[in-house]
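Listing of final-v6.cif; format and content: mmCIF, N, CA and C atoms.
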```
data_structure
#
loop_
_atom_site.label_atom_id
_atom_site.label_comp_id
_atom_site.auth_asym_id
_atom_site.auth_seq_id
_atom_site.Cartn_x
_atom_site.Cartn_y
_atom_site.Cartn_z
N MET A 6 43.49 162.10 -138.23
CA MET A 6 42.92 161.33 -139.28
C MET A 6 42.65 159.92 -138.76
N SER A 7 41.44 159.43 -138.94
CA SER A 7 41.09 158.11 -138.41
C SER A 7 41.54 157.02 -139.38
N ASN A 8 41.91 155.90 -138.81
CA ASN A 8 42.37 154.77 -139.61
C ASN A 8 41.21 153.80 -139.79
N HIS A 9 40.77 153.57 -141.03
CA HIS A 9 39.62 152.71 -141.31
C HIS A 9 40.04 151.30 -141.69
N LEU A 10 41.30 150.96 -141.54
CA LEU A 10 41.75 149.62 -141.90
C LEU A 10 41.32 148.64 -140.82
N PRO A 11 40.85 147.46 -141.23
CA PRO A 11 40.45 146.46 -140.23
C PRO A 11 41.66 145.92 -139.49
N LYS A 12 41.46 145.61 -138.22
CA LYS A 12 42.54 145.07 -137.42
C LYS A 12 42.58 143.56 -137.59
N MET A 13 43.79 143.02 -137.62
CA MET A 13 43.93 141.57 -137.70
C MET A 13 43.79 140.99 -136.30
N ALA A 14 43.15 139.84 -136.22
CA ALA A 14 42.90 139.20 -134.93
C ALA A 14 44.17 138.57 -134.39
N HIS A 15 44.27 138.47 -133.09
CA HIS A 15 45.36 137.78 -132.42
C HIS A 15 44.75 136.73 -131.50
N THR A 16 45.36 135.58 -131.46
CA THR A 16 44.86 134.55 -130.55
C THR A 16 45.34 134.87 -129.14
N GLU A 17 44.70 134.29 -128.16
CA GLU A 17 45.05 134.57 -126.77
C GLU A 17 46.36 133.90 -126.36
N THR A 18 46.71 132.77 -126.99
CA THR A 18 47.90 132.03 -126.58
C THR A 18 49.18 132.65 -127.12
N ASP A 19 49.15 133.23 -128.30
CA ASP A 19 50.35 133.86 -128.85
C ASP A 19 49.95 135.15 -129.58
N GLN A 20 50.93 135.89 -130.00
CA GLN A 20 50.67 137.16 -130.66
C GLN A 20 50.87 137.07 -132.18
N THR A 21 50.74 135.87 -132.74
CA THR A 21 50.85 135.70 -134.17
C THR A 21 49.59 136.25 -134.83
N PRO A 22 49.74 137.14 -135.80
CA PRO A 22 48.53 137.68 -136.45
C PRO A 22 47.80 136.58 -137.22
N THR A 23 46.48 136.61 -137.14
CA THR A 23 45.65 135.66 -137.86
C THR A 23 44.63 136.42 -138.69
N MET A 24 44.03 135.73 -139.64
CA MET A 24 43.04 136.34 -140.50
C MET A 24 42.07 135.26 -140.96
N ARG A 25 40.82 135.62 -141.17
CA ARG A 25 39.84 134.68 -141.69
C ARG A 25 40.29 134.18 -143.05
N ILE A 26 40.06 132.89 -143.33
CA ILE A 26 40.51 132.30 -144.59
C ILE A 26 39.82 132.94 -145.79
N ASP A 27 38.54 133.27 -145.68
CA ASP A 27 37.86 133.89 -146.81
C ASP A 27 38.46 135.25 -147.14
N LYS A 28 38.78 136.01 -146.13
CA LYS A 28 39.38 137.32 -146.35
C LYS A 28 40.81 137.18 -146.85
N TRP A 29 41.55 136.21 -146.33
CA TRP A 29 42.93 136.02 -146.78
C TRP A 29 42.97 135.62 -148.25
N LEU A 30 42.08 134.71 -148.67
CA LEU A 30 42.03 134.30 -150.08
C LEU A 30 41.70 135.48 -150.99
N TRP A 31 40.84 136.36 -150.52
CA TRP A 31 40.48 137.55 -151.29
C TRP A 31 41.65 138.53 -151.33
N CYS A 32 42.29 138.77 -150.19
CA CYS A 32 43.44 139.70 -150.14
C CYS A 32 44.62 139.17 -150.95
N ALA A 33 44.81 137.86 -150.98
CA ALA A 33 45.91 137.26 -151.73
C ALA A 33 45.56 137.12 -153.22
N ARG A 34 44.38 137.56 -153.60
CA ARG A 34 43.92 137.60 -154.98
C ARG A 34 43.74 136.23 -155.62
N PHE A 35 43.34 135.25 -154.83
CA PHE A 35 42.98 133.96 -155.40
C PHE A 35 41.57 134.02 -155.97
N TYR A 36 40.71 134.83 -155.35
CA TYR A 36 39.34 135.01 -155.81
C TYR A 36 39.04 136.50 -155.92
N LYS A 37 38.19 136.84 -156.88
CA LYS A 37 37.92 138.25 -157.17
C LYS A 37 37.12 138.94 -156.07
N THR A 38 36.22 138.20 -155.43
CA THR A 38 35.43 138.79 -154.34
C THR A 38 35.43 137.84 -153.14
N ARG A 39 35.09 138.38 -151.99
CA ARG A 39 35.00 137.54 -150.79
C ARG A 39 33.84 136.57 -150.92
N ALA A 40 32.78 136.99 -151.60
CA ALA A 40 31.63 136.12 -151.78
C ALA A 40 32.01 134.88 -152.60
N ILE A 41 32.83 135.06 -153.62
CA ILE A 41 33.28 133.92 -154.43
C ILE A 41 34.19 133.03 -153.59
N ALA A 42 35.02 133.63 -152.74
CA ALA A 42 35.88 132.85 -151.86
C ALA A 42 35.05 132.03 -150.89
N VAL A 43 34.01 132.63 -150.32
CA VAL A 43 33.13 131.93 -149.38
C VAL A 43 32.43 130.78 -150.10
N GLU A 44 31.98 131.01 -151.34
CA GLU A 44 31.31 129.96 -152.11
C GLU A 44 32.25 128.77 -152.35
N ALA A 45 33.50 129.06 -152.69
CA ALA A 45 34.49 127.99 -152.91
C ALA A 45 34.73 127.22 -151.62
N ILE A 46 34.77 127.92 -150.50
CA ILE A 46 34.98 127.27 -149.20
C ILE A 46 33.79 126.37 -148.87
N HIS A 47 32.58 126.86 -149.10
CA HIS A 47 31.38 126.06 -148.82
C HIS A 47 31.32 124.82 -149.71
N LYS A 48 31.85 124.89 -150.92
CA LYS A 48 31.86 123.74 -151.82
C LYS A 48 32.94 122.73 -151.44
N GLY A 49 33.77 123.06 -150.47
CA GLY A 49 34.82 122.15 -150.03
C GLY A 49 36.08 122.24 -150.87
N HIS A 50 36.27 123.32 -151.61
CA HIS A 50 37.42 123.49 -152.48
C HIS A 50 38.63 124.06 -151.75
N VAL A 51 38.49 124.36 -150.47
CA VAL A 51 39.59 124.96 -149.70
C VAL A 51 39.84 124.13 -148.45
N LYS A 52 41.12 123.78 -148.25
CA LYS A 52 41.53 123.06 -147.04
C LYS A 52 42.66 123.84 -146.39
N VAL A 53 42.64 123.89 -145.07
CA VAL A 53 43.71 124.52 -144.31
C VAL A 53 44.36 123.44 -143.47
N ASN A 54 45.65 123.25 -143.68
CA ASN A 54 46.42 122.21 -142.98
C ASN A 54 45.77 120.83 -143.12
N GLY A 55 45.23 120.54 -144.31
CA GLY A 55 44.68 119.23 -144.60
C GLY A 55 43.24 119.01 -144.18
N THR A 56 42.60 119.96 -143.52
CA THR A 56 41.20 119.80 -143.12
C THR A 56 40.34 120.81 -143.87
N VAL A 57 39.12 120.37 -144.21
CA VAL A 57 38.19 121.25 -144.91
C VAL A 57 37.89 122.44 -144.01
N ALA A 58 37.93 123.63 -144.59
CA ALA A 58 37.77 124.86 -143.80
C ALA A 58 36.36 125.41 -143.90
N LYS A 59 36.06 126.25 -142.94
CA LYS A 59 34.85 127.08 -142.97
C LYS A 59 35.33 128.50 -143.23
N PRO A 60 34.46 129.39 -143.70
CA PRO A 60 34.89 130.76 -144.00
C PRO A 60 35.50 131.49 -142.80
N SER A 61 35.10 131.13 -141.59
CA SER A 61 35.60 131.82 -140.41
C SER A 61 36.90 131.24 -139.87
N LYS A 62 37.44 130.21 -140.51
CA LYS A 62 38.69 129.58 -140.06
C LYS A 62 39.81 130.61 -140.08
N GLU A 63 40.52 130.70 -138.98
CA GLU A 63 41.64 131.65 -138.88
C GLU A 63 42.91 130.99 -139.42
N VAL A 64 43.63 131.70 -140.27
CA VAL A 64 44.92 131.22 -140.78
C VAL A 64 46.02 132.12 -140.25
N ARG A 65 47.20 131.55 -140.12
CA ARG A 65 48.37 132.32 -139.66
C ARG A 65 49.55 131.92 -140.53
N ALA A 66 50.64 132.60 -140.37
CA ALA A 66 51.84 132.30 -141.14
C ALA A 66 52.26 130.86 -140.90
N GLN A 67 52.77 130.22 -141.93
CA GLN A 67 53.23 128.83 -141.94
C GLN A 67 52.10 127.81 -142.09
N ASP A 68 50.85 128.25 -142.20
CA ASP A 68 49.76 127.32 -142.49
C ASP A 68 49.83 126.94 -143.96
N THR A 69 49.31 125.77 -144.28
CA THR A 69 49.25 125.31 -145.66
C THR A 69 47.80 125.37 -146.13
N VAL A 70 47.59 125.99 -147.27
CA VAL A 70 46.25 126.13 -147.83
C VAL A 70 46.21 125.41 -149.17
N GLU A 71 45.27 124.48 -149.30
CA GLU A 71 45.03 123.78 -150.56
C GLU A 71 43.72 124.31 -151.12
N LEU A 72 43.73 124.74 -152.37
CA LEU A 72 42.52 125.29 -152.95
C LEU A 72 42.38 124.88 -154.40
N LEU A 73 41.17 124.97 -154.90
CA LEU A 73 40.87 124.68 -156.28
C LEU A 73 40.47 126.00 -156.92
N GLN A 74 41.28 126.44 -157.87
CA GLN A 74 41.04 127.73 -158.51
C GLN A 74 40.88 127.48 -160.01
N ALA A 75 39.65 127.65 -160.51
CA ALA A 75 39.35 127.43 -161.93
C ALA A 75 39.77 126.03 -162.37
N GLN A 76 39.33 125.01 -161.66
CA GLN A 76 39.64 123.60 -161.91
C GLN A 76 41.12 123.28 -161.84
N THR A 77 41.91 124.14 -161.24
CA THR A 77 43.34 123.92 -161.08
C THR A 77 43.66 123.86 -159.59
N PRO A 78 44.14 122.71 -159.11
CA PRO A 78 44.50 122.61 -157.69
C PRO A 78 45.80 123.36 -157.40
N ARG A 79 45.83 124.06 -156.28
CA ARG A 79 47.04 124.77 -155.85
C ARG A 79 47.26 124.50 -154.38
N THR A 80 48.52 124.43 -153.99
CA THR A 80 48.90 124.31 -152.59
C THR A 80 49.88 125.42 -152.29
N VAL A 81 49.55 126.24 -151.30
CA VAL A 81 50.40 127.38 -150.96
C VAL A 81 50.67 127.40 -149.46
N ALA A 82 51.81 127.97 -149.11
CA ALA A 82 52.16 128.20 -147.71
C ALA A 82 51.91 129.67 -147.41
N VAL A 83 51.21 129.94 -146.33
CA VAL A 83 50.90 131.31 -145.93
C VAL A 83 52.18 131.94 -145.38
N LEU A 84 52.55 133.09 -145.93
CA LEU A 84 53.74 133.80 -145.46
C LEU A 84 53.40 135.03 -144.64
N GLY A 85 52.24 135.63 -144.91
CA GLY A 85 51.90 136.84 -144.19
C GLY A 85 50.45 137.22 -144.37
N MET A 86 50.10 138.33 -143.74
CA MET A 86 48.74 138.85 -143.77
C MET A 86 48.78 140.27 -144.31
N ALA A 87 47.64 140.73 -144.77
CA ALA A 87 47.49 142.12 -145.20
C ALA A 87 46.19 142.65 -144.63
N ALA A 88 46.19 143.89 -144.25
CA ALA A 88 44.98 144.48 -143.67
C ALA A 88 43.91 144.68 -144.74
N THR A 89 44.32 144.94 -145.96
CA THR A 89 43.37 145.16 -147.05
C THR A 89 43.88 144.49 -148.32
N ARG A 90 43.01 144.41 -149.30
CA ARG A 90 43.39 143.87 -150.60
C ARG A 90 44.18 144.94 -151.33
N GLY A 91 45.38 144.57 -151.75
CA GLY A 91 46.24 145.53 -152.41
C GLY A 91 46.60 145.10 -153.81
N PRO A 92 47.64 145.70 -154.36
CA PRO A 92 48.06 145.34 -155.71
C PRO A 92 48.62 143.92 -155.77
N ALA A 93 48.64 143.36 -156.97
CA ALA A 93 49.06 141.97 -157.16
C ALA A 93 50.48 141.69 -156.64
N PRO A 94 51.46 142.57 -156.86
CA PRO A 94 52.80 142.27 -156.33
C PRO A 94 52.82 142.15 -154.81
N VAL A 95 52.01 142.92 -154.12
CA VAL A 95 51.93 142.83 -152.66
C VAL A 95 51.23 141.53 -152.27
N ALA A 96 50.17 141.18 -153.01
CA ALA A 96 49.43 139.95 -152.72
C ALA A 96 50.31 138.72 -152.90
N GLN A 97 51.19 138.73 -153.89
CA GLN A 97 52.05 137.58 -154.14
C GLN A 97 53.08 137.37 -153.03
N GLN A 98 53.33 138.37 -152.23
CA GLN A 98 54.26 138.24 -151.12
C GLN A 98 53.59 137.60 -149.90
N MET A 99 52.27 137.41 -149.96
CA MET A 99 51.54 136.83 -148.83
C MET A 99 51.60 135.31 -148.81
N TYR A 100 52.06 134.69 -149.91
CA TYR A 100 52.09 133.23 -149.98
C TYR A 100 53.23 132.76 -150.86
N GLU A 101 53.53 131.47 -150.74
CA GLU A 101 54.52 130.84 -151.60
C GLU A 101 53.94 129.50 -152.04
N GLU A 102 53.87 129.29 -153.35
CA GLU A 102 53.33 128.04 -153.87
C GLU A 102 54.38 126.94 -153.76
N THR A 103 53.96 125.75 -153.39
CA THR A 103 54.90 124.64 -153.24
C THR A 103 55.39 124.16 -154.61
N ALA A 104 56.55 123.53 -154.63
CA ALA A 104 57.14 123.03 -155.88
C ALA A 104 56.25 121.96 -156.50
N ASP A 105 55.67 121.09 -155.68
CA ASP A 105 54.78 120.05 -156.21
C ASP A 105 53.55 120.67 -156.88
N SER A 106 53.02 121.71 -156.29
CA SER A 106 51.85 122.38 -156.84
C SER A 106 52.18 123.02 -158.19
N ILE A 107 53.33 123.65 -158.28
CA ILE A 107 53.74 124.27 -159.54
C ILE A 107 53.91 123.21 -160.62
N ARG A 108 54.56 122.11 -160.26
CA ARG A 108 54.78 121.02 -161.22
C ARG A 108 53.44 120.44 -161.68
N GLN A 109 52.52 120.24 -160.75
CA GLN A 109 51.21 119.68 -161.09
C GLN A 109 50.43 120.63 -162.01
N ARG A 110 50.49 121.93 -161.74
CA ARG A 110 49.81 122.91 -162.61
C ARG A 110 50.37 122.88 -164.02
N GLU A 111 51.71 122.75 -164.14
CA GLU A 111 52.33 122.70 -165.46
C GLU A 111 51.89 121.45 -166.22
N VAL A 112 51.83 120.31 -165.53
CA VAL A 112 51.40 119.06 -166.17
C VAL A 112 49.95 119.18 -166.64
N LEU A 113 49.07 119.71 -165.79
CA LEU A 113 47.66 119.87 -166.17
C LEU A 113 47.51 120.85 -167.33
N SER A 114 48.29 121.91 -167.32
CA SER A 114 48.25 122.87 -168.42
C SER A 114 48.66 122.23 -169.74
N GLU A 115 49.69 121.41 -169.69
CA GLU A 115 50.16 120.72 -170.90
C GLU A 115 49.11 119.72 -171.38
N GLN A 116 48.45 119.02 -170.45
CA GLN A 116 47.40 118.07 -170.83
C GLN A 116 46.23 118.78 -171.50
N ARG A 117 45.84 119.94 -170.97
CA ARG A 117 44.75 120.71 -171.58
C ARG A 117 45.15 121.19 -172.97
N ARG A 118 46.42 121.57 -173.13
CA ARG A 118 46.88 122.07 -174.43
C ARG A 118 46.87 120.96 -175.47
N LEU A 119 47.21 119.75 -175.07
CA LEU A 119 47.29 118.63 -176.00
C LEU A 119 45.97 117.88 -176.18
N ALA A 120 44.97 118.19 -175.38
CA ALA A 120 43.69 117.49 -175.45
C ALA A 120 43.00 117.80 -176.78
N PRO A 121 42.28 116.81 -177.32
CA PRO A 121 41.59 117.06 -178.59
C PRO A 121 40.43 118.03 -178.42
N GLU A 122 40.11 118.71 -179.49
CA GLU A 122 38.99 119.64 -179.48
C GLU A 122 37.69 118.86 -179.31
N PRO A 123 36.86 119.17 -178.31
CA PRO A 123 35.63 118.40 -178.08
C PRO A 123 34.68 118.42 -179.28
N ALA A 124 34.63 119.51 -180.01
CA ALA A 124 33.71 119.61 -181.15
C ALA A 124 34.08 118.63 -182.26
N ASN A 125 35.35 118.24 -182.34
CA ASN A 125 35.76 117.32 -183.39
C ASN A 125 35.21 115.91 -183.18
N SER A 126 34.82 115.58 -181.96
CA SER A 126 34.33 114.24 -181.66
C SER A 126 32.85 114.07 -182.00
N LEU A 127 32.15 115.14 -182.33
CA LEU A 127 30.73 115.04 -182.66
C LEU A 127 30.58 114.38 -184.02
N GLN A 128 29.86 113.27 -184.07
CA GLN A 128 29.66 112.55 -185.33
C GLN A 128 28.34 112.96 -185.98
N ALA A 129 27.33 113.10 -185.20
CA ALA A 129 26.02 113.44 -185.74
C ALA A 129 25.49 114.64 -184.99
N GLY A 130 25.03 115.58 -185.75
CA GLY A 130 24.44 116.76 -185.15
C GLY A 130 23.23 117.15 -185.98
N ARG A 131 22.96 118.39 -186.04
CA ARG A 131 21.85 118.88 -186.84
C ARG A 131 22.18 118.65 -188.31
N PRO A 132 21.23 118.13 -189.08
CA PRO A 132 21.53 117.86 -190.49
C PRO A 132 21.70 119.16 -191.28
N THR A 133 22.57 119.09 -192.25
CA THR A 133 22.78 120.23 -193.13
C THR A 133 21.68 120.25 -194.19
N LYS A 134 21.66 121.30 -194.99
CA LYS A 134 20.67 121.42 -196.04
C LYS A 134 20.81 120.26 -197.03
N LYS A 135 22.04 119.91 -197.34
CA LYS A 135 22.30 118.79 -198.26
C LYS A 135 21.81 117.48 -197.65
N ASP A 136 22.05 117.28 -196.35
CA ASP A 136 21.57 116.07 -195.68
C ASP A 136 20.05 115.98 -195.75
N ARG A 137 19.36 117.08 -195.55
CA ARG A 137 17.89 117.07 -195.60
C ARG A 137 17.39 116.73 -197.01
N ARG A 138 18.04 117.27 -198.03
CA ARG A 138 17.65 116.95 -199.41
C ARG A 138 17.86 115.47 -199.70
N ASP A 139 18.97 114.92 -199.23
CA ASP A 139 19.23 113.50 -199.43
C ASP A 139 18.18 112.64 -198.74
N MET A 140 17.77 113.02 -197.55
CA MET A 140 16.75 112.26 -196.83
C MET A 140 15.41 112.34 -197.56
N GLN A 141 15.09 113.49 -198.11
CA GLN A 141 13.84 113.63 -198.85
C GLN A 141 13.85 112.78 -200.11
N GLU A 142 15.01 112.68 -200.73
CA GLU A 142 15.13 111.85 -201.92
C GLU A 142 14.90 110.39 -201.59
N LEU A 143 15.37 109.96 -200.44
CA LEU A 143 15.17 108.58 -200.03
C LEU A 143 13.69 108.27 -199.78
N ARG A 144 12.97 109.26 -199.33
CA ARG A 144 11.53 109.09 -199.08
C ARG A 144 10.79 109.47 -200.36
N SER A 145 10.70 108.57 -201.22
CA SER A 145 10.05 108.84 -202.49
C SER A 145 8.54 108.82 -202.27
N TRP A 146 7.90 109.97 -202.28
CA TRP A 146 6.48 110.07 -201.99
C TRP A 146 5.65 109.50 -203.14
N ASN A 147 6.20 109.43 -204.35
CA ASN A 147 5.44 108.91 -205.47
C ASN A 147 5.29 107.40 -205.43
N ASP A 148 6.15 106.71 -204.74
CA ASP A 148 6.11 105.26 -204.65
C ASP A 148 5.22 104.78 -203.49
N ARG A 149 4.52 105.68 -202.85
CA ARG A 149 3.69 105.26 -201.74
C ARG A 149 2.54 104.39 -202.21
N TRP A 150 2.10 103.56 -201.31
CA TRP A 150 0.92 102.74 -201.61
C TRP A 150 -0.28 103.65 -201.67
N SER A 151 -1.11 103.46 -202.63
CA SER A 151 -2.32 104.27 -202.73
C SER A 151 -3.52 103.33 -202.88
N ALA A 152 -4.68 103.88 -202.74
CA ALA A 152 -5.92 103.10 -202.77
C ALA A 152 -6.48 103.03 -204.17
N GLN A 153 -5.73 103.14 -205.20
CA GLN A 153 -6.26 103.12 -206.55
C GLN A 153 -6.66 101.75 -206.98
#
```

Please re-express this file's structure in structure tokens.
Amino acid sequence: MSNHLPKMAHTETDQTPTMRIDKWLWCARFYKTRAIAVEAIHKGHVKVNGTVAKPSKEVRAQDTVELLQAQTPRTVAVLGMAATRGPAPVAQQMYEETADSIRQREVLSEQRRLAPEPANSLQAGRPTKKDRRDMQELRSWNDRWSAQ
């Protein structure tokens, strides 16, 4: 039986397994597809060890990945690699989120929860039927100047 799983790359200097950052983000379930992961990388939303990454950047265990996921910043430490995208419990074993990142996510979540509803700030919008009737009443067409 042939094995169709992709092989993880190894660098020439050491035998630490590495993986492309776009594929790792997809396997770790940060993004639903590799294309979305690549798009986030191109927008500059992903940094590896503090530097902006390209999709082909190789990551290895102990690297730090900073990413923006749905307007929420996250910082994770890479713990391992996977040959393919698997179930969520397996994906969660590939990384560990830093304590600062967890704390920051909780603060942002609380701020979003307490933020006022944007629709409540609208003062003027499309006039209602009553508003239109009131405006028509103000424009008294009978009082217009005429040529009589």

**OP:** Record the distance separating CA of Asn54 in chain A and CA of Gly91 in chain A, expressed in Å with one decimal.
**Re:**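 Distance between the two atoms: 25.2 Å.
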
Output the residue selection produced by the PyMOL selection byres (((chain A and resi 110-118 and name CA) around 12) and name CA) on the file above, formatted as a PDB file with N, CA and C atoms, in the frame of the given file.
```
ATOM      1  N   LEU A  73      41.170 124.970-154.900  1.00  0.00           N
ATOM      2  CA  LEU A  73      40.870 124.680-156.280  1.00  0.00           C
ATOM      3  C   LEU A  73      40.470 126.000-156.920  1.00  0.00           C
ATOM      4  N   GLN A  74      41.280 126.440-157.870  1.00  0.00           N
ATOM      5  CA  GLN A  74      41.040 127.730-158.510  1.00  0.00           C
ATOM      6  C   GLN A  74      40.880 127.480-160.010  1.00  0.00           C
ATOM      7  N   ALA A  75      39.650 127.650-160.510  1.00  0.00           N
ATOM      8  CA  ALA A  75      39.350 127.430-161.930  1.00  0.00           C
ATOM      9  C   ALA A  75      39.770 126.030-162.370  1.00  0.00           C
ATOM     10  N   GLN A  76      39.330 125.010-161.660  1.00  0.00           N
ATOM     11  CA  GLN A  76      39.640 123.600-161.910  1.00  0.00           C
ATOM     12  C   GLN A  76      41.120 123.280-161.840  1.00  0.00           C
ATOM     13  N   THR A  77      41.910 124.140-161.240  1.00  0.00           N
ATOM     14  CA  THR A  77      43.340 123.920-161.080  1.00  0.00           C
ATOM     15  C   THR A  77      43.660 123.860-159.590  1.00  0.00           C
ATOM     16  N   PRO A  78      44.140 122.710-159.110  1.00  0.00           N
ATOM     17  CA  PRO A  78      44.500 122.610-157.690  1.00  0.00           C
ATOM     18  C   PRO A  78      45.800 123.360-157.400  1.00  0.00           C
ATOM     19  N   ARG A  79      45.830 124.060-156.280  1.00  0.00           N
ATOM     20  CA  ARG A  79      47.040 124.770-155.850  1.00  0.00           C
ATOM     21  C   ARG A  79      47.260 124.500-154.380  1.00  0.00           C
ATOM     22  N   THR A  80      48.520 124.430-153.990  1.00  0.00           N
ATOM     23  CA  THR A  80      48.900 124.310-152.590  1.00  0.00           C
ATOM     24  C   THR A  80      49.880 125.420-152.290  1.00  0.00           C
ATOM     25  N   GLU A 102      53.870 129.290-153.350  1.00  0.00           N
ATOM     26  CA  GLU A 102      53.330 128.040-153.870  1.00  0.00           C
ATOM     27  C   GLU A 102      54.380 126.940-153.760  1.00  0.00           C
ATOM     28  N   THR A 103      53.960 125.750-153.390  1.00  0.00           N
ATOM     29  CA  THR A 103      54.900 124.640-153.240  1.00  0.00           C
ATOM     30  C   THR A 103      55.390 124.160-154.610  1.00  0.00           C
ATOM     31  N   ALA A 104      56.550 123.530-154.630  1.00  0.00           N
ATOM     32  CA  ALA A 104      57.140 123.030-155.880  1.00  0.00           C
ATOM     33  C   ALA A 104      56.250 121.960-156.500  1.00  0.00           C
ATOM     34  N   ASP A 105      55.670 121.090-155.680  1.00  0.00           N
ATOM     35  CA  ASP A 105      54.780 120.050-156.210  1.00  0.00           C
ATOM     36  C   ASP A 105      53.550 120.670-156.880  1.00  0.00           C
ATOM     37  N   SER A 106      53.020 121.710-156.290  1.00  0.00           N
ATOM     38  CA  SER A 106      51.850 122.380-156.840  1.00  0.00           C
ATOM     39  C   SER A 106      52.180 123.020-158.190  1.00  0.00           C
ATOM     40  N   ILE A 107      53.330 123.650-158.280  1.00  0.00           N
ATOM     41  CA  ILE A 107      53.740 124.270-159.540  1.00  0.00           C
ATOM     42  C   ILE A 107      53.910 123.210-160.620  1.00  0.00           C
ATOM     43  N   ARG A 108      54.560 122.110-160.260  1.00  0.00           N
ATOM     44  CA  ARG A 108      54.780 121.020-161.220  1.00  0.00           C
ATOM     45  C   ARG A 108      53.440 120.440-161.680  1.00  0.00           C
ATOM     46  N   GLN A 109      52.520 120.240-160.750  1.00  0.00           N
ATOM     47  CA  GLN A 109      51.210 119.680-161.090  1.00  0.00           C
ATOM     48  C   GLN A 109      50.430 120.630-162.010  1.00  0.00           C
ATOM     49  N   LEU A 119      47.210 119.750-175.070  1.00  0.00           N
ATOM     50  CA  LEU A 119      47.290 118.630-176.000  1.00  0.00           C
ATOM     51  C   LEU A 119      45.970 117.880-176.180  1.00  0.00           C
ATOM     52  N   ALA A 120      44.970 118.190-175.380  1.00  0.00           N
ATOM     53  CA  ALA A 120      43.690 117.490-175.450  1.00  0.00           C
ATOM     54  C   ALA A 120      43.000 117.800-176.780  1.00  0.00           C
ATOM     55  N   PRO A 121      42.280 116.810-177.320  1.00  0.00           N
ATOM     56  CA  PRO A 121      41.590 117.060-178.590  1.00  0.00           C
ATOM     57  C   PRO A 121      40.430 118.030-178.420  1.00  0.00           C
ATOM     58  N   GLU A 122      40.110 118.710-179.490  1.00  0.00           N
ATOM     59  CA  GLU A 122      38.990 119.640-179.480  1.00  0.00           C
ATOM     60  C   GLU A 122      37.690 118.860-179.310  1.00  0.00           C
ATOM     61  N   PRO A 123      36.860 119.170-178.310  1.00  0.00           N
ATOM     62  CA  PRO A 123      35.630 118.400-178.080  1.00  0.00           C
ATOM     63  C   PRO A 123      34.680 118.420-179.280  1.00  0.00           C
TER      64      PRO A 123
END
```

Original post:
Can you tell me how far CA of Ala88 in chain A sits from CA of Lys59 in chain A, in Å to one decimal?
Top reply: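 Taking CA of Ala88 in chain A and CA of Lys59 in chain A, their separation equals 20.1 Å.
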
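Excluding Val53 in chain A itself and any same-chain residue fewer than 4 positions from it, the protein and nucleic acid residues within 8 Å of it, counting only N, CA and C atoms, are Val57, Ala58, Lys59, Val64, Asp68, Thr69, Val70, Glu71 and Leu72 of chain A.
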
Could you save those same residues with N, CA and C atoms as a PDB file, in the frame of the given file?
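Ended up saving to part18.pdb:
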```pdb
ATOM      1  N   VAL A  57      39.120 120.370-144.210  1.00  0.00           N
ATOM      2  CA  VAL A  57      38.190 121.250-144.910  1.00  0.00           C
ATOM      3  C   VAL A  57      37.890 122.440-144.010  1.00  0.00           C
ATOM      4  N   ALA A  58      37.930 123.630-144.590  1.00  0.00           N
ATOM      5  CA  ALA A  58      37.770 124.860-143.800  1.00  0.00           C
ATOM      6  C   ALA A  58      36.360 125.410-143.900  1.00  0.00           C
ATOM      7  N   LYS A  59      36.060 126.250-142.940  1.00  0.00           N
ATOM      8  CA  LYS A  59      34.850 127.080-142.970  1.00  0.00           C
ATOM      9  C   LYS A  59      35.330 128.500-143.230  1.00  0.00           C
ATOM     10  N   VAL A  64      43.630 131.700-140.270  1.00  0.00           N
ATOM     11  CA  VAL A  64      44.920 131.220-140.780  1.00  0.00           C
ATOM     12  C   VAL A  64      46.020 132.120-140.250  1.00  0.00           C
ATOM     13  N   ASP A  68      50.850 128.250-142.200  1.00  0.00           N
ATOM     14  CA  ASP A  68      49.760 127.320-142.490  1.00  0.00           C
ATOM     15  C   ASP A  68      49.830 126.940-143.960  1.00  0.00           C
ATOM     16  N   THR A  69      49.310 125.770-144.280  1.00  0.00           N
ATOM     17  CA  THR A  69      49.250 125.310-145.660  1.00  0.00           C
ATOM     18  C   THR A  69      47.800 125.370-146.130  1.00  0.00           C
ATOM     19  N   VAL A  70      47.590 125.990-147.270  1.00  0.00           N
ATOM     20  CA  VAL A  70      46.250 126.130-147.830  1.00  0.00           C
ATOM     21  C   VAL A  70      46.210 125.410-149.170  1.00  0.00           C
ATOM     22  N   GLU A  71      45.270 124.480-149.300  1.00  0.00           N
ATOM     23  CA  GLU A  71      45.030 123.780-150.560  1.00  0.00           C
ATOM     24  C   GLU A  71      43.720 124.310-151.120  1.00  0.00           C
ATOM     25  N   LEU A  72      43.730 124.740-152.370  1.00  0.00           N
ATOM     26  CA  LEU A  72      42.520 125.290-152.950  1.00  0.00           C
ATOM     27  C   LEU A  72      42.380 124.880-154.400  1.00  0.00           C
TER      28      LEU A  72
END
```

Original post:
Looking at A:Ala66, A:Met140, A:Ala82, A:Ala129, which one is nearest to Tyr100 in chain A, with distances taken over only N, CA and C atoms?
Top reply: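 Nearest candidate to Tyr100 in chain A out of A:Ala66, A:Met140, A:Ala82, A:Ala129: A:Ala82.
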
Original post:
Which distance in Å separates CA of Met24 in chain A and CA of Val81 in chain A, to one decimal?
Top reply: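 CA of Met24 in chain A sits 15.6 Å away from CA of Val81 in chain A.
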
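For the set A:Lys28, A:Arg65, A:His50, A:Arg137, the residue with the smallest atom-to-atom gap to Val83 in chain A is A:Arg65, counting all atoms listed in the file.
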